[in-house]
file query.csv (CSV, C-alpha atoms)
chain,number,residue,atom,x,y,z
A,143,MET,CA,-89.9,54.3,32.8
A,144,SER,CA,-90.4,51.5,30.3
A,145,LYS,CA,-89.0,53.7,27.6
A,146,LEU,CA,-85.9,54.2,29.6
A,147,LYS,CA,-85.5,50.4,30.1
A,148,TRP,CA,-85.9,49.8,26.5
A,149,GLY,CA,-83.2,52.4,25.7
A,150,ILE,CA,-80.8,51.0,28.1
A,151,LEU,CA,-81.4,47.5,26.7
A,152,LEU,CA,-80.8,48.7,23.2
A,153,MET,CA,-77.6,50.4,24.2
A,154,LEU,CA,-76.4,47.1,25.8
A,155,ILE,CA,-77.2,45.1,22.7
A,156,GLY,CA,-75.3,47.6,20.6
A,157,SER,CA,-72.3,47.4,22.8
A,158,LEU,CA,-72.3,43.6,22.6
A,159,ILE,CA,-72.6,43.7,18.9
A,160,GLY,CA,-69.6,46.1,18.7
A,161,LEU,CA,-67.5,44.0,20.9
A,162,ALA,CA,-68.3,40.9,18.8
A,163,GLY,CA,-67.3,42.8,15.7
A,164,CYS,CA,-63.9,43.8,17.3
A,165,SER,CA,-63.3,40.2,18.5
A,166,GLY,CA,-64.0,38.8,15.0
A,167,LYS,CA,-61.7,41.2,13.4
A,168,ALA,CA,-58.8,40.3,15.8
A,169,ALA,CA,-59.2,36.6,15.0
A,170,GLY,CA,-59.1,37.3,11.3
A,171,ASP,CA,-55.9,39.3,11.7
A,172,ASN,CA,-54.1,36.3,13.3
A,173,GLU,CA,-54.9,33.7,10.6
A,174,PRO,CA,-51.9,34.5,8.2
A,175,GLU,CA,-49.4,34.1,11.1
A,176,LYS,CA,-50.9,30.8,12.0
A,177,LYS,CA,-50.7,29.5,8.5
A,178,ALA,CA,-47.1,30.8,8.2
A,179,ALA,CA,-46.1,28.9,11.4
A,180,GLU,CA,-47.8,25.7,10.0
A,181,GLU,CA,-45.9,26.1,6.7
A,182,LYS,CA,-42.6,26.5,8.6
A,183,VAL,CA,-43.2,23.3,10.6
A,184,LYS,CA,-44.0,21.5,7.4
A,185,GLU,CA,-40.8,22.7,5.8
A,186,GLU,CA,-38.7,21.7,8.8
A,187,GLU,CA,-40.3,18.2,8.7
A,188,LYS,CA,-39.6,18.0,5.0
A,189,ALA,CA,-36.0,19.0,5.4
A,190,LYS,CA,-35.6,16.4,8.2
A,191,GLU,CA,-37.1,13.7,5.9
A,192,GLU,CA,-34.9,14.7,3.0
A,193,ALA,CA,-31.9,14.5,5.3
A,194,ARG,CA,-32.9,11.1,6.5
A,195,GLU,CA,-33.4,9.9,2.9
A,196,GLU,CA,-30.0,11.3,1.9
A,197,GLU,CA,-28.3,9.6,4.8
A,198,GLN,CA,-30.0,6.3,3.9
A,199,ALA,CA,-28.9,6.7,0.3
A,200,GLU,CA,-25.3,7.2,1.4
A,201,GLU,CA,-25.4,4.1,3.5
A,202,GLU,CA,-26.7,2.1,0.5
A,203,GLU,CA,-23.9,3.5,-1.7
A,204,LYS,CA,-21.3,2.4,0.9
A,205,LYS,CA,-22.8,-1.1,0.8
A,206,LYS,CA,-22.6,-1.1,-3.0
A,207,GLU,CA,-19.0,0.1,-3.1
A,208,VAL,CA,-16.8,-2.4,-5.0
A,209,LYS,CA,-14.4,-4.4,-2.8
A,210,PRO,CA,-10.7,-4.6,-3.8
A,211,VAL,CA,-10.2,-7.2,-6.5
A,212,VAL,CA,-8.2,-10.2,-5.3
A,213,VAL,CA,-7.4,-13.6,-7.0
A,214,ASN,CA,-6.9,-16.7,-4.8
A,215,VAL,CA,-4.9,-19.6,-6.2
A,216,ILE,CA,-6.2,-22.9,-4.9
A,217,ASP,CA,-4.7,-26.3,-4.6
A,218,PRO,CA,-7.2,-28.6,-6.4
A,219,ASN,CA,-6.4,-31.5,-4.0
A,220,THR,CA,-6.5,-29.9,-0.6
A,221,LYS,CA,-8.6,-26.8,-1.6
A,222,ALA,CA,-6.2,-24.7,0.4
A,223,VAL,CA,-5.4,-21.1,-0.7
A,224,LEU,CA,-1.8,-21.1,-1.8
A,225,LYS,CA,-1.5,-17.5,-2.7
A,226,THR,CA,-3.7,-14.3,-2.8
A,227,PHE,CA,-2.9,-11.7,-5.5
A,228,SER,CA,-4.0,-8.1,-5.5
A,229,PRO,CA,-3.8,-7.3,-9.2
A,230,ALA,CA,-4.1,-3.5,-8.8
A,231,GLU,CA,-1.2,-3.4,-6.3
A,232,MET,CA,0.9,-5.5,-8.6
A,233,GLY,CA,0.4,-3.2,-11.6
A,234,PHE,CA,-2.4,-4.9,-13.4
A,235,GLY,CA,-4.0,-2.4,-15.8
A,236,ASP,CA,-1.0,0.0,-15.5
A,237,ASP,CA,2.0,-2.2,-16.3
A,238,ASP,CA,0.6,-5.5,-17.6
A,239,GLU,CA,4.0,-6.8,-18.9
A,240,LYS,CA,5.6,-6.5,-15.5
A,241,TYR,CA,2.5,-8.1,-13.9
A,242,LYS,CA,2.7,-11.0,-16.2
A,243,ALA,CA,6.4,-11.4,-15.7
A,244,ASP,CA,6.0,-11.4,-11.9
A,245,LEU,CA,3.2,-14.1,-12.2
A,246,ALA,CA,5.4,-16.2,-14.5
A,247,GLN,CA,8.3,-16.1,-12.0
A,248,TRP,CA,5.9,-17.2,-9.2
A,249,ALA,CA,4.4,-20.0,-11.4
A,250,LYS,CA,7.9,-21.2,-12.2
A,251,GLU,CA,8.9,-21.4,-8.5
A,252,ILE,CA,5.7,-23.2,-7.4
A,253,ALA,CA,5.9,-25.7,-10.3
A,254,ARG,CA,9.7,-26.5,-10.2
A,255,GLY,CA,10.4,-25.6,-6.6
A,256,THR,CA,13.2,-23.6,-5.1
A,257,ASP,CA,16.3,-24.4,-3.0
A,258,THR,CA,14.2,-24.6,0.1
A,259,LYS,CA,10.8,-25.8,-1.1
A,260,GLN,CA,9.7,-28.7,-3.4
A,261,GLY,CA,7.6,-27.8,-6.4
A,262,TYR,CA,4.5,-29.5,-7.7
A,263,ASP,CA,6.2,-30.9,-10.8
A,264,GLN,CA,7.1,-34.6,-10.2
A,265,ARG,CA,9.1,-36.8,-12.6
A,266,MET,CA,7.6,-40.2,-13.3
A,267,THR,CA,9.0,-43.0,-11.4
A,268,LEU,CA,8.5,-45.9,-13.8
A,269,ASP,CA,7.0,-49.2,-12.8
A,270,LYS,CA,9.3,-52.2,-12.5
A,271,ILE,CA,8.9,-56.0,-12.7
A,272,GLY,CA,10.0,-57.5,-9.3
A,273,PRO,CA,11.8,-60.8,-8.8
A,274,ASP,CA,8.5,-62.6,-8.4
A,275,GLY,CA,7.2,-61.2,-11.7
A,276,LYS,CA,4.8,-58.8,-10.1
A,277,ILE,CA,4.6,-55.1,-10.9
A,278,ILE,CA,6.3,-52.8,-8.5
A,279,LYS,CA,4.4,-49.5,-8.8
A,280,GLY,CA,6.2,-46.3,-9.3
A,281,GLN,CA,4.7,-42.8,-9.3
A,282,PRO,CA,2.9,-40.9,-12.0
A,283,GLU,CA,4.2,-37.8,-13.7
A,284,VAL,CA,2.8,-34.6,-12.4
A,285,ILE,CA,3.1,-31.4,-14.4
A,286,LEU,CA,1.9,-27.9,-13.4
A,287,GLU,CA,1.3,-26.0,-16.6
A,288,GLU,CA,3.0,-22.7,-15.8
A,289,SER,CA,1.7,-20.7,-18.8
A,290,GLU,CA,-1.8,-21.9,-18.3
A,291,LEU,CA,-1.7,-20.8,-14.6
A,292,VAL,CA,-0.5,-17.4,-15.6
A,293,ASP,CA,-3.2,-16.9,-18.2
A,294,LYS,CA,-5.9,-18.0,-15.7
A,295,VAL,CA,-4.7,-15.6,-13.0
A,296,ILE,CA,-4.7,-12.7,-15.6
A,297,ALA,CA,-8.2,-13.6,-16.7
A,298,ALA,CA,-9.4,-13.6,-13.1
A,299,SER,CA,-7.7,-10.3,-12.4
A,300,VAL,CA,-10.4,-8.3,-14.0
A,301,SER,CA,-13.1,-9.0,-11.4
A,302,GLY,CA,-11.4,-11.4,-9.0
A,303,GLY,CA,-12.1,-14.9,-8.0
A,304,ASP,CA,-10.5,-18.3,-7.4
A,305,VAL,CA,-8.1,-20.1,-9.7
A,306,GLU,CA,-7.2,-23.8,-9.3
A,307,LEU,CA,-3.7,-25.0,-10.2
A,308,PRO,CA,-3.7,-26.6,-13.6
A,309,LEU,CA,-2.1,-30.0,-12.6
A,310,TYR,CA,-1.9,-32.8,-15.1
A,311,VAL,CA,-1.2,-36.3,-13.9
A,312,SER,CA,0.1,-39.0,-16.3
A,313,ASP,CA,0.3,-42.7,-15.5
A,314,SER,CA,2.6,-45.1,-17.3
A,315,GLY,CA,1.3,-45.9,-20.8
A,316,TYR,CA,1.2,-49.7,-20.8
A,317,ASP,CA,-1.4,-52.4,-20.2
A,318,PRO,CA,-0.5,-54.5,-17.1
A,319,ALA,CA,-1.8,-57.6,-19.1
A,320,ASP,CA,1.2,-57.2,-21.4
A,321,VAL,CA,3.8,-57.4,-18.7
A,322,PRO,CA,4.4,-61.2,-18.8
A,323,TYR,CA,5.2,-60.9,-22.5
A,324,LEU,CA,7.3,-57.7,-22.7
A,325,GLY,CA,10.5,-59.7,-22.5
A,326,GLU,CA,9.8,-61.9,-25.6
A,327,VAL,CA,11.7,-60.0,-28.3
A,328,VAL,CA,15.0,-58.0,-28.2
A,329,VAL,CA,14.6,-55.0,-30.4
A,330,ALA,CA,17.9,-53.3,-29.5
A,331,SER,CA,21.0,-53.9,-27.3
A,332,TYR,CA,24.4,-52.5,-26.6
A,333,THR,CA,27.4,-53.9,-24.7
A,334,THR,CA,30.3,-52.2,-22.9
A,335,HIS,CA,33.3,-53.7,-21.0
A,336,PHE,CA,34.9,-52.8,-17.7
A,337,ASN,CA,37.8,-54.0,-15.5
A,338,ASN,CA,36.1,-56.1,-12.9
A,339,GLY,CA,39.3,-56.1,-10.9
A,340,VAL,CA,38.5,-52.5,-9.8
A,341,ALA,CA,36.2,-53.3,-7.0
A,342,GLY,CA,34.6,-49.9,-6.3
A,343,ARG,CA,33.8,-49.1,-9.9
A,344,THR,CA,32.5,-52.6,-10.6
A,345,LYS,CA,30.2,-52.4,-7.6
A,346,ASN,CA,28.8,-49.0,-8.7
A,347,ILE,CA,28.1,-50.3,-12.2
A,348,GLU,CA,26.4,-53.3,-10.7
A,349,LEU,CA,24.1,-51.3,-8.4
A,350,SER,CA,23.1,-48.8,-11.1
A,351,ALA,CA,22.5,-51.6,-13.6
A,352,GLU,CA,20.3,-53.4,-11.2
A,353,ALA,CA,18.3,-50.1,-10.6
A,354,ILE,CA,17.3,-49.9,-14.3
A,355,ASN,CA,16.8,-53.6,-14.8
A,356,ASN,CA,13.2,-54.7,-15.6
A,357,ILE,CA,12.0,-51.1,-15.9
A,358,ILE,CA,8.8,-50.8,-17.9
A,359,LEU,CA,8.7,-48.0,-20.5
A,360,GLY,CA,5.1,-47.4,-21.4
A,361,ASP,CA,4.3,-45.6,-24.6
A,362,GLY,CA,4.8,-41.9,-24.0
A,363,ASP,CA,6.6,-42.5,-20.6
A,364,HIS,CA,9.5,-40.2,-19.6
A,365,PHE,CA,12.6,-41.9,-18.3
A,366,SER,CA,15.0,-40.2,-15.9
A,367,PHE,CA,18.2,-42.0,-15.0
A,368,ASN,CA,18.7,-40.0,-11.8
A,369,THR,CA,15.1,-40.6,-10.7
A,370,THR,CA,15.3,-44.3,-11.5
A,371,VAL,CA,18.7,-45.0,-9.9
A,372,GLY,CA,18.5,-42.5,-7.1
A,373,PRO,CA,21.4,-41.1,-5.0
A,374,SER,CA,24.7,-42.7,-5.8
A,375,ASP,CA,26.1,-42.2,-2.3
A,376,GLU,CA,27.6,-44.4,0.5
A,377,ALA,CA,24.2,-44.6,2.2
A,378,HIS,CA,22.9,-46.5,-0.9
A,379,GLY,CA,26.0,-48.8,-1.1
A,380,TYR,CA,28.0,-46.9,-3.7
A,381,GLN,CA,31.8,-46.9,-3.3
A,382,PRO,CA,34.8,-44.7,-4.1
A,383,ALA,CA,36.0,-44.8,-7.7
A,384,GLU,CA,37.4,-42.5,-10.4
A,385,GLU,CA,35.0,-40.1,-12.0
A,386,ALA,CA,35.4,-37.3,-14.5
A,387,ILE,CA,34.9,-33.8,-13.0
A,388,ASN,CA,35.9,-30.6,-14.8
A,389,GLY,CA,38.1,-32.4,-17.3
A,390,LYS,CA,40.0,-34.4,-14.7
A,391,LEU,CA,39.7,-37.9,-13.3
A,392,VAL,CA,39.3,-37.7,-9.5
A,393,MET,CA,38.2,-40.1,-6.8
A,394,GLY,CA,34.5,-39.8,-5.8
A,395,ILE,CA,31.6,-41.9,-4.5
A,396,GLY,CA,29.7,-43.5,-7.3
A,397,GLY,CA,32.3,-43.4,-10.0
A,398,GLY,CA,31.3,-45.8,-12.8
A,399,ILE,CA,27.5,-45.2,-13.0
A,400,CYS,CA,28.1,-43.1,-16.1
A,401,GLN,CA,29.1,-46.4,-17.9
A,402,THR,CA,25.6,-47.7,-17.1
A,403,SER,CA,23.9,-44.5,-18.4
A,404,SER,CA,26.1,-44.4,-21.5
A,405,THR,CA,25.4,-48.1,-22.3
A,406,LEU,CA,21.6,-47.4,-21.9
A,407,PHE,CA,21.9,-44.4,-24.2
A,408,ASN,CA,23.5,-46.5,-27.0
A,409,ALA,CA,20.8,-49.1,-26.6
A,410,VAL,CA,17.8,-46.9,-26.7
A,411,ASP,CA,19.3,-44.8,-29.5
A,412,LYS,CA,18.6,-47.7,-31.8
A,413,VAL,CA,14.8,-47.3,-31.3
A,414,GLY,CA,12.5,-44.3,-31.7
A,415,VAL,CA,13.0,-42.4,-28.4
A,416,SER,CA,13.1,-38.6,-28.1
A,417,TYR,CA,15.8,-37.1,-25.9
A,418,VAL,CA,14.8,-34.6,-23.2
A,419,GLU,CA,18.3,-34.2,-21.5
A,420,LYS,CA,21.7,-35.6,-22.4
A,421,HIS,CA,25.2,-34.5,-21.6
A,422,HIS,CA,28.7,-35.6,-22.5
A,423,HIS,CA,31.7,-36.0,-20.2
A,424,SER,CA,34.3,-33.4,-19.9
A,425,VAL,CA,36.9,-36.0,-20.8
A,426,THR,CA,37.0,-38.9,-23.3
A,427,VAL,CA,35.9,-42.2,-21.8
A,428,GLY,CA,37.2,-45.5,-23.0
A,429,TYR,CA,34.1,-47.7,-22.8
A,430,VAL,CA,32.1,-46.0,-25.7
A,431,PRO,CA,33.2,-44.2,-28.9
A,432,LYS,CA,33.8,-40.4,-28.7
A,433,GLY,CA,30.5,-38.5,-28.5
A,434,ARG,CA,28.5,-41.7,-27.5
A,435,ASP,CA,28.6,-41.1,-23.8
A,436,ALA,CA,25.9,-39.8,-21.4
A,437,THR,CA,27.2,-38.4,-18.2
A,438,VAL,CA,25.0,-38.2,-15.1
A,439,SER,CA,25.2,-36.8,-11.5
A,440,TYR,CA,22.4,-37.1,-9.0
A,441,GLY,CA,21.0,-33.6,-8.3
A,442,GLY,CA,22.7,-32.3,-11.4
A,443,LYS,CA,23.1,-33.6,-15.0
A,444,ASP,CA,20.6,-36.3,-16.0
A,445,PHE,CA,19.9,-38.6,-18.9
A,446,ARG,CA,16.3,-38.3,-19.8
A,447,PHE,CA,14.2,-39.4,-22.8
A,448,GLU,CA,10.6,-40.1,-23.8
A,449,ASN,CA,9.5,-43.4,-25.2
A,450,THR,CA,8.1,-42.3,-28.6
A,451,THR,CA,8.3,-45.8,-30.2
A,452,GLY,CA,4.6,-46.2,-30.0
A,453,ILE,CA,4.8,-49.4,-28.0
A,454,PRO,CA,5.7,-50.5,-24.5
A,455,LEU,CA,9.3,-51.5,-23.8
A,456,LEU,CA,11.2,-53.4,-21.1
A,457,VAL,CA,14.8,-52.6,-20.1
A,458,LYS,CA,17.0,-55.5,-19.3
A,459,ALA,CA,20.4,-55.0,-17.7
A,460,ILE,CA,22.8,-58.0,-17.8
A,461,PHE,CA,25.9,-57.6,-15.7
A,462,GLY,CA,28.9,-59.9,-15.0
A,463,ASN,CA,32.5,-60.8,-15.8
A,464,GLY,CA,33.5,-57.3,-16.9
A,465,VAL,CA,30.6,-57.0,-19.3
A,466,LEU,CA,27.5,-54.8,-19.2
A,467,THR,CA,24.8,-55.5,-21.8
A,468,ILE,CA,21.5,-53.5,-21.9
A,469,GLU,CA,18.7,-54.9,-24.0
A,470,ILE,CA,15.5,-53.2,-25.0
A,471,ARG,CA,12.7,-55.7,-25.3
A,472,THR,CA,9.0,-55.9,-26.1
A,473,ALA,CA,6.1,-58.3,-26.6
A,474,LYS,CA,6.2,-60.2,-29.9
A,475,LYS,CA,2.8,-58.8,-30.9
A,476,TYR,CA,4.4,-55.3,-30.8
A,477,GLU,CA,7.6,-56.0,-32.7
A,478,GLY,CA,6.2,-55.0,-36.1
A,479,MET,CA,4.7,-51.8,-34.7
A,480,LEU,CA,8.0,-50.3,-33.4
A,481,LYS,CA,8.9,-46.9,-34.7
A,482,LYS,CA,12.6,-47.3,-35.3
A,483,ALA,CA,15.0,-44.4,-34.9
A,484,VAL,CA,15.9,-42.5,-38.1
call {"tool": "encode", "arguments": {"input": "query.csv", "output": "structure tokens"}}
result
Amino acid sequence: MSKLKWGILLMLIGSLIGLAGCSGKAAGDNEPEKKAAEEKVKEEEKAKEEAREEEQAEEEEKKKEVKPVVVNVIDPNTKAVLKTFSPAEMGFGDDDEKYKADLAQWAKEIARGTDTKQGYDQRMTLDKIGPDGKIIKGQPEVILEESELVDKVIAASVSGGDVELPLYVSDSGYDPADVPYLGEVVVASYTTHFNNGVAGRTKNIELSAEAINNIILGDGDHFSFNTTVGPSDEAHGYQPAEEAINGKLVMGIGGGICQTSSTLFNAVDKVGVSYVEKHHHSVTVGYVPKGRDATVSYGGKDFRFENTTGIPLLVKAIFGNGVLTIEIRTAKKYEGMLKKAV
């Protein structure tokens, strides 16, 4: 009986060992599939990570993308943006000549103005000695350098940026301490005659002569007859009188002021001034020799010159009894320094 028990026990132990062997073999057979699944998951995670990195890289590139190049032109006084240029759209890099020509046209308009808008350029309104001997201040000359503006915009067109208008302001070139002495010496003068029986013309000569009387011409100053005298219209007291227009003498408001401008021309012509603008009448006038006239018309033809004598000057206009005399004076200490006309 005990032998039988031992036999049965041995058979059970053997069966268990067999089952354990089968179970272990099955587990070993599943190991490659498990590893393959794990590798697949890892590859999927890696792909997702690479996709995320690629997306981030694209976002960074978008941020780094170069913005369109623009050039802003700034008013140096107000800091306002006057104009924004897009160089590429205007042909920069493709047609530089056209680009430069377009910029030059714009610079000209903003400097000199148009029919509807005033430009930055401003002619000097010269200082004047008032009846009480005190200085009546004018306005400085303002010049916008057009070519410099164009060059600055072109230089900035490569990478963009702000460009300020190149404005140059010039005050009158004299020492206020000299003013009491500027009338000491007459260095040039010229006299013309008129019929004081012609009331309108006489009044117009008187008004324009008074406008230029006691004007201070600093060294290097620019004189403009039209700017100094102003509009010769009824609102400013000017009267009807004959004036030369297109080769004919016709009635017009302000006729006669050209005698003042012509007398002034003949006076300053004796000293070292440089002419900026001067025009002759379309007809011969009787108050100066042929070719010695200087016609003017407010808003049109002007008589302009620069004081290149090297010293400050004073304009004196003496009017009365059919005679107009214009004298150019200076301080005695400057007399020997005057650069005479050649």
call {"tool": "residues_around", "arguments": {"input": "query.csv", "residues": "stretch 314-317 of chain A", "least_positions_apart": "4", "cutoff": "12 Å", "atoms": "only C-alpha atoms", "output": "VMD selection string"}}
result
chain A and resid 265 to 270 277 279 to 284 321 to 324 357 to 365 448 to 456 472 to 473 476
call {"tool": "closest_residue", "arguments": {"input": "query.csv", "among": "A:Val457, A:Ala383, A:Val410, A:Val327", "to": "A:Arg434", "atoms": "all atoms listed in the file"}}
result
A:Val410
call {"tool": "residues_near_point", "arguments": {"input": "query.csv", "point": "(25.6, -53.6, -17.6)", "cutoff": "12 Å", "atoms": "only C-alpha atoms", "output": "ChimeraX atom specification"}}
result
/A:331-336,338,344-355,398-409,429,457-469
call {"tool": "write_last_selection", "arguments": {"input": "query.csv", "atoms": "C-alpha atoms", "output": "short mmCIF file (atom, residue, chain, number, x, y, z; two decimals), keeping the file's coordinate frame"}}
result
data_model
loop_
_atom_site.label_atom_id
_atom_site.label_comp_id
_atom_site.auth_asym_id
_atom_site.auth_seq_id
_atom_site.Cartn_x
_atom_site.Cartn_y
_atom_site.Cartn_z
CA SER A 331 21.00 -53.90 -27.30
CA TYR A 332 24.40 -52.50 -26.60
CA THR A 333 27.40 -53.90 -24.70
CA THR A 334 30.30 -52.20 -22.90
CA HIS A 335 33.30 -53.70 -21.00
CA PHE A 336 34.90 -52.80 -17.70
CA ASN A 338 36.10 -56.10 -12.90
CA THR A 344 32.50 -52.60 -10.60
CA LYS A 345 30.20 -52.40 -7.60
CA ASN A 346 28.80 -49.00 -8.70
CA ILE A 347 28.10 -50.30 -12.20
CA GLU A 348 26.40 -53.30 -10.70
CA LEU A 349 24.10 -51.30 -8.40
CA SER A 350 23.10 -48.80 -11.10
CA ALA A 351 22.50 -51.60 -13.60
CA GLU A 352 20.30 -53.40 -11.20
CA ALA A 353 18.30 -50.10 -10.60
CA ILE A 354 17.30 -49.90 -14.30
CA ASN A 355 16.80 -53.60 -14.80
CA GLY A 398 31.30 -45.80 -12.80
CA ILE A 399 27.50 -45.20 -13.00
CA CYS A 400 28.10 -43.10 -16.10
CA GLN A 401 29.10 -46.40 -17.90
CA THR A 402 25.60 -47.70 -17.10
CA SER A 403 23.90 -44.50 -18.40
CA SER A 404 26.10 -44.40 -21.50
CA THR A 405 25.40 -48.10 -22.30
CA LEU A 406 21.60 -47.40 -21.90
CA PHE A 407 21.90 -44.40 -24.20
CA ASN A 408 23.50 -46.50 -27.00
CA ALA A 409 20.80 -49.10 -26.60
CA TYR A 429 34.10 -47.70 -22.80
CA VAL A 457 14.80 -52.60 -20.10
CA LYS A 458 17.00 -55.50 -19.30
CA ALA A 459 20.40 -55.00 -17.70
CA ILE A 460 22.80 -58.00 -17.80
CA PHE A 461 25.90 -57.60 -15.70
CA GLY A 462 28.90 -59.90 -15.00
CA ASN A 463 32.50 -60.80 -15.80
CA GLY A 464 33.50 -57.30 -16.90
CA VAL A 465 30.60 -57.00 -19.30
CA LEU A 466 27.50 -54.80 -19.20
CA THR A 467 24.80 -55.50 -21.80
CA ILE A 468 21.50 -53.50 -21.90
CA GLU A 469 18.70 -54.90 -24.00
#
call {"tool": "atom_distance", "arguments": {"input": "query.csv", "atom1": "atom CA of A:Ile252", "atom2": "atom CA of A:Phe367"}}
result
23.8 Å
call {"tool": "atom_distance", "arguments": {"input": "query.csv", "atom1": "atom CA of A:Asn214", "atom2": "atom CA of A:Phe227"}}
result
6.4 Å
call {"tool": "atom_distance", "arguments": {"input": "query.csv", "atom1": "atom CA of A:Glu287", "atom2": "atom CA of A:His421"}}
result
25.9 Å
call {"tool": "closest_residue", "arguments": {"input": "query.csv", "among": "A:Gly379, A:Gly261, A:Gly441, A:Pro273", "to": "A:Leu286", "atoms": "only C-alpha atoms"}}
result
A:Gly261
call {"tool": "residues_around", "arguments": {"input": "query.csv", "residues": "stretch 238-247 of chain A", "least_positions_apart": "6", "cutoff": "12 Å", "atoms": "all atoms listed in the file", "output": "ChimeraX atom specification"}}
result
/A:213,215,225-232,253-256,287-297,299-300
call {"tool": "write_last_selection", "arguments": {"input": "query.csv", "atoms": "C-alpha atoms", "output": "compact mmCIF listing (two decimals), in the frame of the given file"}}
result
# COMPACT_ATOMS: atom_id res chain seq x y z
CA VAL A 213 -7.40 -13.60 -7.00
CA VAL A 215 -4.90 -19.60 -6.20
CA LYS A 225 -1.50 -17.50 -2.70
CA THR A 226 -3.70 -14.30 -2.80
CA PHE A 227 -2.90 -11.70 -5.50
CA SER A 228 -4.00 -8.10 -5.50
CA PRO A 229 -3.80 -7.30 -9.20
CA ALA A 230 -4.10 -3.50 -8.80
CA GLU A 231 -1.20 -3.40 -6.30
CA MET A 232 0.90 -5.50 -8.60
CA ALA A 253 5.90 -25.70 -10.30
CA ARG A 254 9.70 -26.50 -10.20
CA GLY A 255 10.40 -25.60 -6.60
CA THR A 256 13.20 -23.60 -5.10
CA GLU A 287 1.30 -26.00 -16.60
CA GLU A 288 3.00 -22.70 -15.80
CA SER A 289 1.70 -20.70 -18.80
CA GLU A 290 -1.80 -21.90 -18.30
CA LEU A 291 -1.70 -20.80 -14.60
CA VAL A 292 -0.50 -17.40 -15.60
CA ASP A 293 -3.20 -16.90 -18.20
CA LYS A 294 -5.90 -18.00 -15.70
CA VAL A 295 -4.70 -15.60 -13.00
CA ILE A 296 -4.70 -12.70 -15.60
CA ALA A 297 -8.20 -13.60 -16.70
CA SER A 299 -7.70 -10.30 -12.40
CA VAL A 300 -10.40 -8.30 -14.00
call {"tool": "closest_residue", "arguments": {"input": "query.csv", "among": "A:Ala249, A:Ile285, A:Val211, A:Val418", "to": "A:Asp263", "atoms": "only C-alpha atoms"}}
result
A:Ile285
call {"tool": "residues_around", "arguments": {"input": "query.csv", "residues": "A:Ile395", "least_positions_apart": "6", "cutoff": "6 Å", "atoms": "all atoms listed in the file", "output": "ChimeraX atom specification"}}
result
/A:375,381-382
call {"tool": "closest_residue", "arguments": {"input": "query.csv", "among": "A:Lys176, A:Arg343, A:Lys482, A:Lys276", "to": "A:Val413", "atoms": "all atoms listed in the file"}}
result
A:Lys482
call {"tool": "closest_residue", "arguments": {"input": "query.csv", "among": "A:Asp217, A:Glu326, A:Glu195, A:Glu251", "to": "A:Glu306", "atoms": "all atoms listed in the file"}}
result
A:Asp217
call {"tool": "closest_residue", "arguments": {"input": "query.csv", "among": "A:Gly414, A:Val340, A:Tyr262, A:Ser366", "to": "A:Met479", "atoms": "only C-alpha atoms"}}
result
A:Gly414
call {"tool": "decode", "arguments": {"input": "query.csv", "residues": "stretch 367-378 of chain A", "atoms": "N, CA and C atoms", "output": "mmCIF file, in the first residue's frame"}}
result
data_model
loop_
_atom_site.group_PDB
_atom_site.id
_atom_site.type_symbol
_atom_site.label_atom_id
_atom_site.label_comp_id
_atom_site.auth_asym_id
_atom_site.auth_seq_id
_atom_site.Cartn_x
_atom_site.Cartn_y
_atom_site.Cartn_z
ATOM 1 N N PHE A 367 13.181 141.288 -52.899
ATOM 2 C CA PHE A 367 12.334 142.483 -52.971
ATOM 3 C C PHE A 367 10.881 142.124 -52.652
ATOM 4 N N ASN A 368 10.377 141.056 -53.244
ATOM 5 C CA ASN A 368 8.979 140.679 -53.030
ATOM 6 C C ASN A 368 8.705 140.302 -51.575
ATOM 7 N N THR A 369 9.653 139.585 -50.960
ATOM 8 C CA THR A 369 9.476 139.202 -49.566
ATOM 9 C C THR A 369 9.507 140.424 -48.660
ATOM 10 N N THR A 370 10.391 141.371 -48.967
ATOM 11 C CA THR A 370 10.556 142.570 -48.139
ATOM 12 C C THR A 370 9.383 143.529 -48.284
ATOM 13 N N VAL A 371 8.963 143.753 -49.513
ATOM 14 C CA VAL A 371 7.896 144.728 -49.782
ATOM 15 C C VAL A 371 6.516 144.121 -49.525
ATOM 16 N N GLY A 372 6.349 142.870 -49.878
ATOM 17 C CA GLY A 372 5.054 142.219 -49.696
ATOM 18 C C GLY A 372 4.122 142.472 -50.866
ATOM 19 N N PRO A 373 2.867 142.071 -50.752
ATOM 20 C CA PRO A 373 1.908 142.232 -51.848
ATOM 21 C C PRO A 373 1.659 143.702 -52.186
ATOM 22 N N SER A 374 1.711 144.014 -53.451
ATOM 23 C CA SER A 374 1.433 145.398 -53.886
ATOM 24 C C SER A 374 -0.013 145.471 -54.376
ATOM 25 N N ASP A 375 -0.937 145.315 -53.430
ATOM 26 C CA ASP A 375 -2.356 145.301 -53.781
ATOM 27 C C ASP A 375 -3.100 146.402 -53.023
ATOM 28 N N GLU A 376 -4.378 146.530 -53.320
ATOM 29 C CA GLU A 376 -5.196 147.578 -52.698
ATOM 30 C C GLU A 376 -5.250 147.410 -51.179
ATOM 31 N N ALA A 377 -5.260 146.166 -50.721
ATOM 32 C CA ALA A 377 -5.341 145.915 -49.284
ATOM 33 C C ALA A 377 -4.148 146.498 -48.538
ATOM 34 N N HIS A 378 -3.032 146.679 -49.245
ATOM 35 C CA HIS A 378 -1.826 147.232 -48.625
ATOM 36 C C HIS A 378 -1.583 148.686 -49.036
#
